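See below for the structure under consideration.
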Amino acid sequence: MSSIFYKVIFEGIKEDSSDSYSLTFKDIFIDNQIQISSQFFTTLRVLSQKDSNVVQFQSIKEVIKIGNLPIKIEINYYIAILYTKLNDGKKEGFLVGNIKNMGDMLIGKWPYNEENVSDSKDLHVQKLDLLTNSSKFHNICVIYPMK
């Protein structure tokens with residue numbers, strides 16, 4: 001089990017008293033290497049144009065890696081995906097990293113619980129597939145890096 005975390009710092013809005021917010025994602029890349037197809041983000045982009053339940057914006061200011069990765073990976077950019085499950089109202093999220101020579105890979109999850117280590121690759125893939133069918137989730141946010 002890895003003990004690597006990614007602290008994602010988001011830019012706050014101008015009218016807000018705080019200039020930034022952050023979420024910490026726990027690494028799942030080392031245990032479960034899951035590639036994200038380019039079609040996934042295209043589908044979410046199309047959904048955001050049709051459905052007010054899916055929004056996209058640029059707000060990732062910085063990502064800080066905490067811990068030592070057992071392998072060297074170069075990440076070009078990060079994308080955060082946050083959502084609320086309809087059945088229980090629980091807020092969850094994933095962190096995607098574009099890794100040199102590999103493409104977009106699922107690298108982190110939020111929230112994380114050290115006691116719950118039963119997350120499987122199949123469970124993560126199933127959630128990603130369901131996100132493109134927004135009838136199971138609401139308040140889906142796809143957050144890209146700031147330019």
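How things are named: the first chain in the structure tokens is A, the next is B, and so on; residues count from 1 in each chain; ligands count from 1 in the order shown.
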
Apply DSSP to the backbone of this structure and, from chain A, keep only the residues in helix (DSSP H, G or I); write these as a PyMOL selection string. chain A and resi 38-50+121-131

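Rounded to one decimal, CA of Asn101 in chain A and CA of Val54 in chain A lie 29.4 Å from each other.
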
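Atom pair CA of Phe137 in chain A / CA of Thr43 in chain A: separated by 14.9 Å.
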
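When only C-alpha atoms are used to measure the gap to Thr24 in chain A, the shortest distance among A:Lys121, A:Lys72, A:Lys50, A:Lys65 belongs to A:Lys65.
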
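Closest approach to Val46 in chain A among A:Asn133, A:Gly108, A:Ile71, A:Gly97: A:Asn133, based on only C-alpha atoms.
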